[in-house]
$ cat final_14.txt   # compact mmCIF, C-alpha atoms and all ligand atoms
# COMPACT_ATOMS: atom_id res chain seq x y z
CA MET N 1293 -6.28 -31.47 -16.78
CA LEU N 1294 -2.99 -30.10 -18.02
CA ALA N 1295 -4.46 -27.31 -20.19
CA ALA N 1296 -6.56 -26.02 -17.28
CA GLU N 1297 -3.52 -26.03 -14.97
CA CYS N 1298 -1.52 -24.23 -17.61
CA ALA N 1299 -4.17 -21.52 -18.15
CA TRP N 1300 -4.64 -20.90 -14.43
CA THR N 1301 -0.89 -20.85 -13.73
CA ILE N 1302 -0.57 -17.98 -16.21
CA LEU N 1303 -3.66 -16.11 -14.96
CA GLN N 1304 -2.58 -16.43 -11.32
CA ALA N 1305 0.93 -15.23 -12.17
CA ASP N 1306 -0.76 -12.13 -13.65
CA HIS N 1307 -2.79 -11.73 -10.47
CA ALA N 1308 0.38 -11.96 -8.37
CA LYS N 1309 1.93 -9.19 -10.45
CA MET N 1310 -1.19 -7.04 -10.00
CA ARG N 1311 -1.08 -7.58 -6.22
CA ARG N 1312 2.57 -6.45 -6.17
CA LEU N 1313 1.66 -3.32 -8.16
CA LEU N 1314 -1.24 -2.58 -5.78
CA ASP N 1315 1.22 -2.89 -2.87
CA ALA N 1316 3.63 -0.52 -4.60
CA ILE N 1317 0.81 1.99 -5.17
CA ALA N 1318 -0.24 1.70 -1.51
CA ARG N 1319 3.34 2.34 -0.35
CA GLU N 1320 3.69 5.40 -2.58
CA ALA N 1321 0.27 6.76 -1.71
CA GLY N 1322 0.72 6.17 2.04
CA ASP N 1323 1.79 8.96 4.32
CA GLY N 1324 4.30 10.38 1.86
CA PRO N 1325 5.06 14.10 1.93
CA TRP N 1326 3.58 14.44 -1.58
CA ARG N 1327 0.10 14.76 -0.08
CA VAL N 1328 1.00 18.04 1.58
CA ALA N 1329 3.33 19.75 -0.84
CA GLY N 1330 6.27 19.22 -3.11
CA PRO N 1331 6.86 17.83 -6.58
CA ALA N 1332 4.32 15.77 -8.51
CA PRO N 1333 4.24 12.17 -7.24
CA ALA N 1334 5.80 10.73 -10.39
CA ARG N 1335 6.43 7.27 -8.99
CA LEU N 1336 2.82 6.92 -7.85
CA LYS N 1337 1.56 7.92 -11.29
CA GLU N 1338 4.01 5.48 -12.89
CA PHE N 1339 2.81 2.53 -10.77
CA ILE N 1340 -0.84 3.35 -11.49
CA ASP N 1341 -0.18 3.60 -15.23
CA THR N 1342 1.75 0.31 -15.16
CA LEU N 1343 -1.13 -1.45 -13.40
CA ARG N 1344 -3.75 -0.04 -15.77
CA THR N 1345 -1.78 -0.86 -18.89
CA PHE N 1346 -0.89 -4.36 -17.71
CA ASP N 1347 -4.50 -5.11 -16.74
CA HIS N 1348 -6.07 -3.76 -19.94
CA VAL N 1349 -3.47 -4.69 -22.54
CA SER N 1350 -2.04 -7.94 -21.18
CA HIS N 1351 -4.21 -9.51 -18.50
CA ARG N 1352 -7.81 -9.00 -19.62
CA PRO N 1353 -7.24 -10.22 -23.20
CA LYS N 1354 -5.96 -13.50 -21.74
CA GLY N 1355 -9.21 -14.00 -19.85
CA THR N 1356 -11.48 -13.17 -22.80
CA ALA N 1357 -11.62 -16.73 -24.18
CA LEU N 1358 -12.10 -18.24 -20.74
CA LEU N 1359 -15.04 -15.96 -19.90
CA GLY N 1360 -16.45 -16.45 -23.42
CA VAL N 1361 -16.66 -20.25 -23.17
CA LEU N 1362 -18.00 -20.09 -19.62
CA ARG N 1363 -20.86 -17.74 -20.53
CA GLY N 1364 -24.20 -19.55 -20.87
CA ARG N 1365 -23.02 -22.78 -19.28
CA SER N 1366 -24.93 -22.52 -16.01
CA PRO N 1367 -27.07 -19.97 -14.13
CA ASP N 1368 -24.44 -19.83 -11.35
CA ALA N 1369 -21.63 -19.20 -13.81
CA ASP N 1370 -23.62 -16.46 -15.57
CA ARG N 1371 -24.44 -14.81 -12.26
CA LEU N 1372 -20.77 -14.85 -11.30
CA LEU N 1373 -19.73 -13.41 -14.68
CA ASP N 1374 -22.34 -10.63 -14.43
CA GLU N 1375 -21.17 -9.75 -10.92
CA MET N 1376 -17.53 -9.77 -11.96
CA GLU N 1377 -18.26 -7.50 -14.91
CA LEU N 1378 -20.04 -4.97 -12.70
CA GLU N 1379 -17.30 -5.13 -10.06
CA ARG N 1380 -14.63 -4.57 -12.68
CA GLU N 1381 -16.45 -1.50 -14.00
CA GLY N 1382 -16.61 -0.20 -10.42
CA ASP N 1383 -12.88 -0.83 -9.94
CA ASP N 1384 -12.06 1.01 -13.17
CA ALA N 1385 -14.26 3.96 -12.22
CA LEU N 1386 -12.56 4.26 -8.81
CA LEU N 1387 -9.11 4.26 -10.37
CA ASP N 1388 -10.24 6.92 -12.87
CA GLN N 1389 -11.47 9.06 -9.97
CA ALA N 1390 -8.18 8.58 -8.11
CA LEU N 1391 -6.23 9.62 -11.21
CA ALA N 1392 -8.42 12.69 -11.65
CA ARG N 1393 -7.67 13.72 -8.04
CA LEU N 1394 -3.98 13.07 -8.62
CA ASP N 1395 -4.07 15.36 -11.67
CA ALA N 1396 -5.86 17.99 -9.59
CA PHE N 1397 -3.16 17.67 -6.94
CA THR N 1398 -0.41 18.21 -9.50
CA ARG N 1399 -2.28 21.32 -10.69
CA GLY N 1400 -2.05 22.71 -7.17
CA GLU N 1401 -5.17 21.49 -5.37
CA THR N 1402 -3.38 20.31 -2.25
CA GLU N 1403 -6.43 18.70 -0.62
CA ALA N 1404 -6.83 16.42 -3.66
CA GLY N 1405 -3.80 14.41 -2.47
CA ALA N 1406 -5.61 12.97 0.55
CA GLU N 1407 -8.71 12.30 -1.56
CA CYS N 1408 -6.59 10.46 -4.11
CA ALA N 1409 -4.96 8.34 -1.39
CA ALA N 1410 -8.38 7.42 0.06
CA LEU N 1411 -9.72 6.42 -3.37
CA LEU N 1412 -6.62 4.33 -4.05
CA ALA N 1413 -7.01 2.51 -0.71
CA GLN N 1414 -10.64 1.77 -1.56
CA HIS N 1415 -9.63 0.58 -5.05
CA ARG N 1416 -6.92 -1.70 -3.62
CA ASN N 1417 -9.32 -3.38 -1.17
CA ARG N 1418 -11.84 -4.02 -3.92
CA VAL N 1419 -9.37 -5.33 -6.48
CA LEU N 1420 -7.67 -7.65 -3.95
CA LEU N 1421 -11.07 -9.13 -3.17
CA HIS N 1422 -11.91 -9.54 -6.85
CA LEU N 1423 -8.58 -11.18 -7.66
CA ASP N 1424 -9.20 -13.67 -4.85
CA GLN N 1425 -12.70 -14.35 -6.20
CA GLU N 1426 -11.27 -15.11 -9.63
CA ASP N 1427 -8.64 -17.43 -8.15
CA THR N 1428 -11.24 -19.39 -6.18
CA LEU N 1429 -14.86 -19.05 -7.37
CA LEU N 1430 -14.15 -18.47 -11.06
CA ARG N 1431 -11.48 -21.17 -11.12
CA ALA N 1432 -13.88 -23.67 -9.53
CA GLN N 1433 -16.62 -22.86 -12.07
CA THR N 1434 -14.30 -23.19 -15.05
CA GLU N 1435 -12.77 -26.45 -13.83
CA GLN N 1436 -16.21 -27.88 -13.27
CA LEU N 1437 -17.78 -26.82 -16.57
CA LEU N 1438 -15.17 -26.70 -19.34
CA ASP N 1439 -14.07 -29.74 -21.33
CA HIS N 1440 -10.68 -30.59 -22.77
CA GLU N 1441 -11.32 -28.96 -26.17
CA GLU N 1442 -12.47 -25.74 -24.56
CA TRP N 1443 -9.38 -25.62 -22.36
CA ALA N 1444 -7.18 -26.22 -25.39
CA HIS N 1445 -8.88 -23.24 -27.08
CA VAL N 1446 -8.41 -21.06 -23.98
CA VAL N 1447 -4.70 -21.92 -23.75
CA SER N 1448 -4.27 -21.27 -27.47
CA VAL N 1449 -5.79 -17.77 -27.10
CA ILE N 1450 -3.63 -17.06 -24.03
CA SER N 1451 -0.49 -18.16 -25.87
CA THR N 1452 -1.42 -15.83 -28.75
CA SER N 1453 -1.31 -12.90 -26.36
CA LEU N 1454 1.93 -14.16 -24.76
CA TYR N 1455 3.77 -14.88 -27.99
CA PRO N 1456 1.99 -12.99 -30.80
CA THR N 1457 4.81 -13.28 -33.36
CA ALA N 1458 5.63 -16.91 -32.66
CA ASN N 1459 1.97 -17.79 -32.90
CA ALA N 1460 1.48 -15.93 -36.15
CA ASN N 1461 4.31 -18.01 -37.60
CA HIS N 1462 2.85 -21.15 -36.15
CA LEU N 1463 -0.50 -20.37 -37.75
CA GLY N 1464 1.02 -20.25 -41.17
CA THR N 1465 2.53 -16.83 -41.69
CA ALA N 1466 5.77 -17.59 -43.44
CA PRO N 1467 8.83 -16.00 -41.83
CA GLU N 1468 10.59 -13.54 -44.09
CA LYS N 1469 13.49 -15.04 -45.95
CA PRO N 1470 16.76 -13.13 -46.02
CA ARG N 1471 17.54 -11.71 -49.45
FE FE N 1501 -8.06 -11.68 -13.61

$ encode --input "final_14.txt" --output "structure tokens"
Amino acid sequence: MLAAECAWTILQADHAKMRRLLDAIAREAGDGPWRVAGPAPARLKEFIDTLRTFDHVSHRPKGTALLGVLRGRSPDADRLLDEMELEREGDDALLDQALARLDAFTRGETEAGAECAALLAQHRNRVLLHLDQEDTLLRAQTEQLLDHEEWAHVVSVISTSLYPTANANHLGTAPEKPR
């Protein structure tokens, strides 16, 4: 089904970007001298902020319609959605803890650097696993359960988040005429 392919191509491209950002965070958080002393690890903070913003502002809104139409369709699907929701909360909490340790490090608590790096490594392992689960288990459930109309709706919502202005025009908002 073309709409399903289209939706998953976009979601998996997002996942690929998130994996690259997780790799960048892991490189920065590795054995760098920042954990011992020196200036605040600005690049590490920047990569973490980019990942968080991309996930919350761009990626998750795209999945909202997909998860919404899947909910209630089968006990297996509901179980998977419940698990994913819990896992996501756990991922977010870990990243918050890592950021708190990073802030502590920049305030002068040197030992917080190693704690931050350990939390980030834990976060990376979890998120990589969860992205893979979405690309396989969630994809299989959606392809099995959703019909053409539902996929069309999902793609329409995704395109709204990709092209908000173009879509607003398409939905009837008249473009401003030059005076
Ligand atoms: Fe996702």

$ atom_distance --input "final_14.txt" --atom1 "CA of Ala1390 in chain N" --atom2 "CA of Cys1408 in chain N"
4.7 Å

$ closest_residue --input "final_14.txt" --among "N:Asp1388, N:Asp1306, N:Glu1407, N:Asp1374" --to "ligand FE 1501 (chain N)" --atoms "only C-alpha atoms and all ligand atoms"
N:Asp1306

$ residues_near_ligand --input "final_14.txt" --ligand "ligand FE 1501 (chain N)" --cutoff "10 Å" --atoms "all atoms listed in the file" --output "list in words"
Trp1300, Leu1303, Gln1304, Ala1305, Asp1306, His1307, Ala1308, Met1310, Asp1347, His1351, Arg1352, Pro1353, Lys1354, Gly1355, Thr1356, Met1376, Arg1380, Val1419, His1422, Leu1423, Asp1424, Gln1425, Glu1426, Asp1427 and Leu1430 of chain N

$ closest_residue --input "final_14.txt" --among "N:Glu1338, N:Glu1297, N:Glu1375, N:Glu1320" --to "Val1447 in chain N" --atoms "only C-alpha atoms"
N:Glu1297

$ closest_residue --input "final_14.txt" --among "N:Leu1313, N:Leu1437, N:Phe1339, N:Ala1410" --to "Asp1368 in chain N" --atoms "all atoms listed in the file"
N:Leu1437

$ atom_distance --input "final_14.txt" --atom1 "CA of Gly1405 in chain N" --atom2 "CA of Ala1392 in chain N"
10.4 Å

$ atom_distance --input "final_14.txt" --atom1 "CA of Ala1318 in chain N" --atom2 "CA of His1415 in chain N"
10.1 Å

$ closest_residue --input "final_14.txt" --among "N:Leu1438, N:Ala1357, N:Leu1343, N:Ala1321" --to "Thr1452 in chain N" --atoms "all atoms listed in the file"
N:Ala1357

$ residues_near_point --input "final_14.txt" --point "(-2.3, 11.9, -5.8)" --cutoff "12 Å" --atoms "only C-alpha atoms" --output "JSON, numbers by chain"
{"N": [1317, 1318, 1320, 1321, 1322, 1323, 1324, 1325, 1326, 1327, 1328, 1329, 1330, 1331, 1332, 1333, 1334, 1335, 1336, 1337, 1338, 1339, 1340, 1387, 1388, 1389, 1390, 1391, 1392, 1393, 1394, 1395, 1396, 1397, 1398, 1399, 1400, 1401, 1402, 1403, 1404, 1405, 1406, 1407, 1408, 1409, 1410, 1411, 1412, 1413]}

$ residues_around --input "final_14.txt" --residues "Arg1365 in chain N" --least-positions-apart "5" --cutoff "12 Å" --atoms "only C-alpha atoms" --output "VMD selection string"
chain N and resid 1358 to 1360 1370 to 1373 1433 to 1434 1436 to 1439

$ closest_residue --input "final_14.txt" --among "N:Leu1362, N:Ala1385, N:Ala1295, N:Leu1420" --to "Leu1314 in chain N" --atoms "all atoms listed in the file"
N:Leu1420

$ closest_residue --input "final_14.txt" --among "N:Asp1383, N:Gly1364, N:His1445, N:Ala1316" --to "Leu1421 in chain N" --atoms "only C-alpha atoms"
N:Asp1383
